[in-house]
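To keep things clear, I will list the structure first and then write my remarks on it.
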Amino acid sequence: MPVTRADMPKLVLCNMGVEGQNTLAGATARGAYSRIAKALAMAPAAVTDEVKKSNLRGRGGAGFPTGLKWTFIPKGAQTVYLVVNADESEPGTCKDREILFWDPHLVIEGIFLASYALGCRHAYLYIRGEMMREHHVLQRAVAEAYKAGWLGRDHACAGGGSFKLDLTVHRGAGAYICGEETALLNSLEGRRGWPRLKPPFPAVKGVWGQPTIVNNVETLANVPAIIEKGGEWFAGLGTPKSGGTRILGISGHVNKPGVYELPMGIPLREVIYDVCGGIRGGRALKGVIPGGSSMPILTPDEIDVPMEFDALMTDARIKPVEIRPGVKLDIGGGKQLRTMAGSGGVMVMDETTDMAMVCWRIMKFYAHESCGQCTPCREGTGWLERVTRRLAHGEGRPGDVELAESIASGIAGNTICPLGDAAAWPMLAFATKFRAELQSKITAAPATAHGAA
Amino acid sequence: MPLSFSTESARRIEALIKQYPDAQAASMPVLHLAQDEFGFLSDEAIQLVATALKLPVSHVYGVVTFYTMFRREPAGTNILRVCTNVACMLTGGYDVLKQVCERLGIQPGEKTPDGAFSIVEEECLAACADAPMALCGQRYFLRLDSKEKVDAMIEELRRQPQLERTLLPGPVEKGA
Ligand SMILES: Cc1cc2nc3c(=O)[nH]c(=O)nc-3n(C[C@H](O)[C@H](O)[C@H](O)COP(=O)(O)O)c2cc1C
Ligand code: SF4
Ligand code: FES
């Protein structure tokens, strides 16, 4: 049974909102770096085993099992890199920035533990360029950790050897696509942030051609608790397949928006009406995006589902997204797309919300952020932006909703990286669930043959 | 006078290169440093970075033009970044942007004649739970839910400009 809110420990956000305690002294008082001795007394593989047992899943968006990912590093690899993804820019997502600001040493400790498990001697943390305040705080924390000897100094470890870690903070410069792991690696190498074709996967051939693990900030911030209390304990906090707690950033039309660390699998209804105090002005709910703007929107009758990785993909109470009316979107492996937990960015919309506007604003974002490498994404996202802009401004033309659907289904699954899907999925979800509202924006006369979109 | 890095910057570039297996990887940090020092990345500044890192100018130019925070022209002292993405839009982000533009008499992407402000319409800045919001340097302006708060923000920035620069000396040198 997952823990309830009353008895849930805060693993990652225990210092949130406490001023002046994000320094080494403050973090040490909370136990930071105390897990390092324990890990160093274990074999690196035993640390990975503990993480495997914990059922920790990646918090960057895809929910991939972290321990399993770590085992993909080829045996006997000489140089291994850990790259921390602190590029947080998926609209609606606002948790990593808080973690970095309030507890940078917890993140550094998590990086240390993961690096030890992986055999990484130099880790890189890629922080989003706009996060200037967090960059400053992190740089200071890294300097403190060097001075205290946690970084840059040999530590005796199990089996008689020693382990030393260096950590470099690398600042981005404004490009959403650099959150995608292979684009991030190119950016770290000092190139344009273009996603790479996979395979090879980064675990085999990543940054500077070496085996590389990319993990999200929140993912790594959970590792100290796993080492301290054990993988089983961590697994026990969550649902059968997802261990630990879940940080959600809830925004939009709720009374108490905020970044909250909650039990894994808490029902979305409880998040909105209890944790966040319900909808502003006592209005009715109209829609909610459960995990960043790429994730299909949910309607008010779909919010009794648990906020957990698998449930959001499979729960029969969520209507599958359609590529055309009545035709469900197949995402491979016999699975239909419902929605996903994504990055934990929950955006809540009340009854006054114009869904065509929201849909357009999302399409505008992806059109702006497409890196332009693949034609379906580059052309398709721009086209979706134009069609939805017309709809949003009440200038839709007959056939526009169908046109948007056909553009989106032409993008989905046909691109180098998942940004194409990230634009296509929400488009199809709006067309599935708010079709009548989009249709109601059609005012213009039928387009003439050469005037068509 | 031709552009050149200060002695301090030259020292920091050396230290930066040592953080990576090759000099190319230092492109972004060195470009940030050049932008901090010269205010923007002119052709000459790009050339300087390319020489410092022994890279083709075309490579450095390609990097500069890919990332929105690298600028090819001078910006205002305050680069005011106003988010209009979904969470901010739902809570009035477009009104904030409109008011900022009216008060400063410029459009997004422009600079005030006195050079005090530039306005950038931003995508999500990872502060959605405190929407609508704006960012200037290291200063966040959160929950800008009234006209008074927006005006107060502009006043504060006039009195106390927030520069957009990397504040700590480079990445901390190994073992320092
Ligand atoms: C377009 C795009 C943007 C992404 N942005 C981020 C991001 O900002 N932060 C992040 O941690 N992961 C992001 N991801 C996911 C990463 O590619 C990667 O899966 C993740 O960092 C792995 O870490 P995890 O296993 O700990 O979740 C993004 C993916 C895509 C396709
Ligand atoms: S899908 Fe879009 S963002 Fe991804 S590589 Fe292709 S063009 Fe670039
Ligand atoms: S939408 Fe404005 S900060 Fe996220």
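Chain identifiers are assigned as A, B, and so on, following the order in which chains appear in the structure tokens; residues are numbered from 1 within each chain, and ligands are numbered from 1 in order of appearance.
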Got a sec to pull out which chain A residues are within 8 Å of chain B, counting only C-alpha atoms, and send them as a ChimeraX atom specification? /A:88-95,97,129-133,136,139-140,142-143,146-147,149,151-153,166,168-175,188-193,208,249-253,257-259,347,349,353,358,361-362,365
Just to be explicit: take each residue in the selection above, keep C-alpha atoms, and write the result as a PDB file, in the first residue's frame.
```pdb
ATOM      1  CA  GLU A  88      13.698  21.705 -17.004  1.00  0.00           C
ATOM      2  CA  SER A  89      11.646  23.484 -19.657  1.00  0.00           C
ATOM      3  CA  GLU A  90       8.603  21.342 -20.414  1.00  0.00           C
ATOM      4  CA  PRO A  91       5.682  23.784 -19.957  1.00  0.00           C
ATOM      5  CA  GLY A  92       3.996  23.172 -16.618  1.00  0.00           C
ATOM      6  CA  THR A  93       7.081  21.637 -15.006  1.00  0.00           C
ATOM      7  CA  CYS A  94       8.533  23.535 -12.078  1.00  0.00           C
ATOM      8  CA  LYS A  95      10.053  21.085  -9.610  1.00  0.00           C
ATOM      9  CA  ARG A  97      14.299  24.397 -10.203  1.00  0.00           C
ATOM     10  CA  GLY A 129      20.502  28.907 -19.188  1.00  0.00           C
ATOM     11  CA  GLU A 130      17.615  30.971 -17.861  1.00  0.00           C
ATOM     12  CA  MET A 131      18.036  29.570 -14.344  1.00  0.00           C
ATOM     13  CA  MET A 132      20.613  32.162 -13.368  1.00  0.00           C
ATOM     14  CA  ARG A 133      19.718  32.196  -9.692  1.00  0.00           C
ATOM     15  CA  HIS A 136      24.621  30.699  -8.837  1.00  0.00           C
ATOM     16  CA  GLN A 139      28.072  26.871  -8.233  1.00  0.00           C
ATOM     17  CA  ARG A 140      28.406  27.923  -4.633  1.00  0.00           C
ATOM     18  CA  VAL A 142      29.831  22.767  -5.746  1.00  0.00           C
ATOM     19  CA  ALA A 143      32.591  25.052  -4.430  1.00  0.00           C
ATOM     20  CA  TYR A 146      35.087  20.700  -3.188  1.00  0.00           C
ATOM     21  CA  LYS A 147      36.324  22.585  -0.165  1.00  0.00           C
ATOM     22  CA  GLY A 149      36.540  17.267   0.218  1.00  0.00           C
ATOM     23  CA  LEU A 151      34.390  16.352  -4.543  1.00  0.00           C
ATOM     24  CA  GLY A 152      37.881  16.284  -6.033  1.00  0.00           C
ATOM     25  CA  ARG A 153      39.444  14.138  -3.325  1.00  0.00           C
ATOM     26  CA  ASP A 166      34.822  15.763 -10.188  1.00  0.00           C
ATOM     27  CA  THR A 168      31.235  20.437 -13.594  1.00  0.00           C
ATOM     28  CA  VAL A 169      28.158  22.605 -13.914  1.00  0.00           C
ATOM     29  CA  HIS A 170      27.489  23.404 -17.566  1.00  0.00           C
ATOM     30  CA  ARG A 171      25.079  26.218 -18.355  1.00  0.00           C
ATOM     31  CA  GLY A 172      22.745  26.024 -21.347  1.00  0.00           C
ATOM     32  CA  ALA A 173      21.693  29.064 -23.343  1.00  0.00           C
ATOM     33  CA  GLY A 174      18.017  28.813 -24.192  1.00  0.00           C
ATOM     34  CA  ALA A 175      16.763  25.830 -26.211  1.00  0.00           C
ATOM     35  CA  LEU A 188      27.512  19.562 -23.746  1.00  0.00           C
ATOM     36  CA  GLU A 189      30.046  18.755 -26.459  1.00  0.00           C
ATOM     37  CA  GLY A 190      29.823  22.380 -27.593  1.00  0.00           C
ATOM     38  CA  ARG A 191      27.613  21.826 -30.630  1.00  0.00           C
ATOM     39  CA  ARG A 192      24.160  22.853 -31.730  1.00  0.00           C
ATOM     40  CA  GLY A 193      21.581  21.000 -29.651  1.00  0.00           C
ATOM     41  CA  TRP A 208      32.477  12.133 -26.177  1.00  0.00           C
ATOM     42  CA  GLY A 249       4.065  21.166  -9.703  1.00  0.00           C
ATOM     43  CA  ILE A 250       0.430  22.241  -9.870  1.00  0.00           C
ATOM     44  CA  SER A 251      -0.487  25.426 -11.672  1.00  0.00           C
ATOM     45  CA  GLY A 252      -3.423  27.143 -13.301  1.00  0.00           C
ATOM     46  CA  HIS A 253      -6.860  27.731 -11.816  1.00  0.00           C
ATOM     47  CA  PRO A 257      -0.942  26.219  -6.745  1.00  0.00           C
ATOM     48  CA  GLY A 258       2.444  24.941  -5.660  1.00  0.00           C
ATOM     49  CA  VAL A 259       5.191  22.354  -5.809  1.00  0.00           C
ATOM     50  CA  MET A 347      -1.980  22.387 -15.275  1.00  0.00           C
ATOM     51  CA  MET A 349      -8.179  24.701 -16.244  1.00  0.00           C
ATOM     52  CA  THR A 353     -10.915  28.382 -20.252  1.00  0.00           C
ATOM     53  CA  VAL A 358      -4.666  26.598 -24.868  1.00  0.00           C
ATOM     54  CA  ARG A 361      -0.379  28.176 -27.212  1.00  0.00           C
ATOM     55  CA  ILE A 362       0.948  24.644 -26.892  1.00  0.00           C
ATOM     56  CA  PHE A 365       5.588  26.418 -28.214  1.00  0.00           C
TER      57      PHE A 365
END
```
Hey, what does DSSP flag as strand (DSSP E) within segment 192-315 of chain A? Can you give it to me as a ChimeraX atom specification? /A:212-216,245-252,258-263,285-289
Long-range neighbours of Asp145 of chain B as a compact mmCIF listing (two decimals) with N, CA and C atoms, in the first residue's frame, 10 Å cut-off, only C-alpha atoms, 2 positions minimum in chain:
```txt
# COMPACT_ATOMS: atom_id res chain seq x y z
N THR B 91 -3.37 32.46 -16.11
CA THR B 91 -3.48 33.33 -14.95
C THR B 91 -3.16 34.78 -15.29
N GLY B 92 -3.13 35.12 -16.58
CA GLY B 92 -2.99 36.52 -16.95
C GLY B 92 -1.64 36.94 -17.51
N GLY B 93 -0.84 36.00 -17.95
CA GLY B 93 0.49 36.32 -18.47
C GLY B 93 0.48 37.30 -19.65
N ASP B 95 -1.70 39.65 -20.14
CA ASP B 95 -1.97 41.00 -19.61
C ASP B 95 -0.69 41.60 -19.05
N VAL B 96 0.10 40.77 -18.38
CA VAL B 96 1.37 41.26 -17.84
C VAL B 96 2.25 41.76 -18.98
N ASP B 130 3.84 29.62 -9.61
CA ASP B 130 3.79 31.01 -9.17
C ASP B 130 3.44 31.94 -10.32
N ALA B 131 2.65 31.42 -11.26
CA ALA B 131 2.26 32.19 -12.44
C ALA B 131 1.21 33.24 -12.07
N PRO B 132 1.13 34.33 -12.86
CA PRO B 132 2.03 34.70 -13.95
C PRO B 132 3.33 35.29 -13.41
N MET B 133 4.38 35.14 -14.20
CA MET B 133 5.68 35.52 -13.67
C MET B 133 6.59 36.13 -14.73
N LEU B 142 7.14 36.93 -9.02
CA LEU B 142 6.16 35.85 -9.03
C LEU B 142 4.75 36.38 -8.74
N ARG B 143 3.76 35.60 -9.17
CA ARG B 143 2.35 35.93 -8.93
C ARG B 143 2.05 37.40 -9.25
N LYS B 147 -2.12 44.91 -11.57
CA LYS B 147 -1.40 45.95 -12.30
C LYS B 147 -0.36 46.61 -11.40
N GLU B 148 -0.70 46.74 -10.12
CA GLU B 148 0.22 47.39 -9.17
C GLU B 148 1.53 46.59 -9.07
N LYS B 149 1.40 45.27 -9.02
CA LYS B 149 2.62 44.46 -8.88
C LYS B 149 3.52 44.60 -10.11
N VAL B 150 2.89 44.70 -11.28
CA VAL B 150 3.68 44.83 -12.50
C VAL B 150 4.39 46.19 -12.51
```
Restricting the calculation to only C-alpha atoms and all ligand atoms, which member of A:Glu322, A:Gly382, A:Gly292, A:Gly179 is positioned closest to ligand 3? A:Gly292
Residues near Ile119 of chain B, cut-off 7 Å, only C-alpha atoms, skip fewer than 6 positions along chain, as a list in words: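 Within the cut-off, the hits are Ile79, Leu80, Arg81, Gln107, Pro108, Gly109, Glu110 and Lys111 of chain B.
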Selection as a list in words: residues within 6 Å of ligand 1 by only C-alpha atoms and all ligand atoms: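 After applying the 6 Å limit, what remains is Gly58, Arg59, Gly60, Gly61, Ala62, Gly63, Phe64, Thr66, Asn85, Ala86, Asp87, Glu88, Ser89, Glu90, Ile177, Gly179, Glu180, Glu181, Val214, Asn215, Asn216, Thr219, Cys417, Pro418 and Leu419 of chain A.
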Could you list the protein, DNA and RNA residues that have any atom within 6 Å of ligand 2, counting only C-alpha atoms and all ligand atoms, and write them as a list in words?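 Written in the requested form, the residues are Pro195, Ser370, Cys371, Gly372, Gln373, Cys374, Cys377, Arg378, Thr415, Ile416, Cys417, Pro418, Leu419 and Gly420 of chain A.
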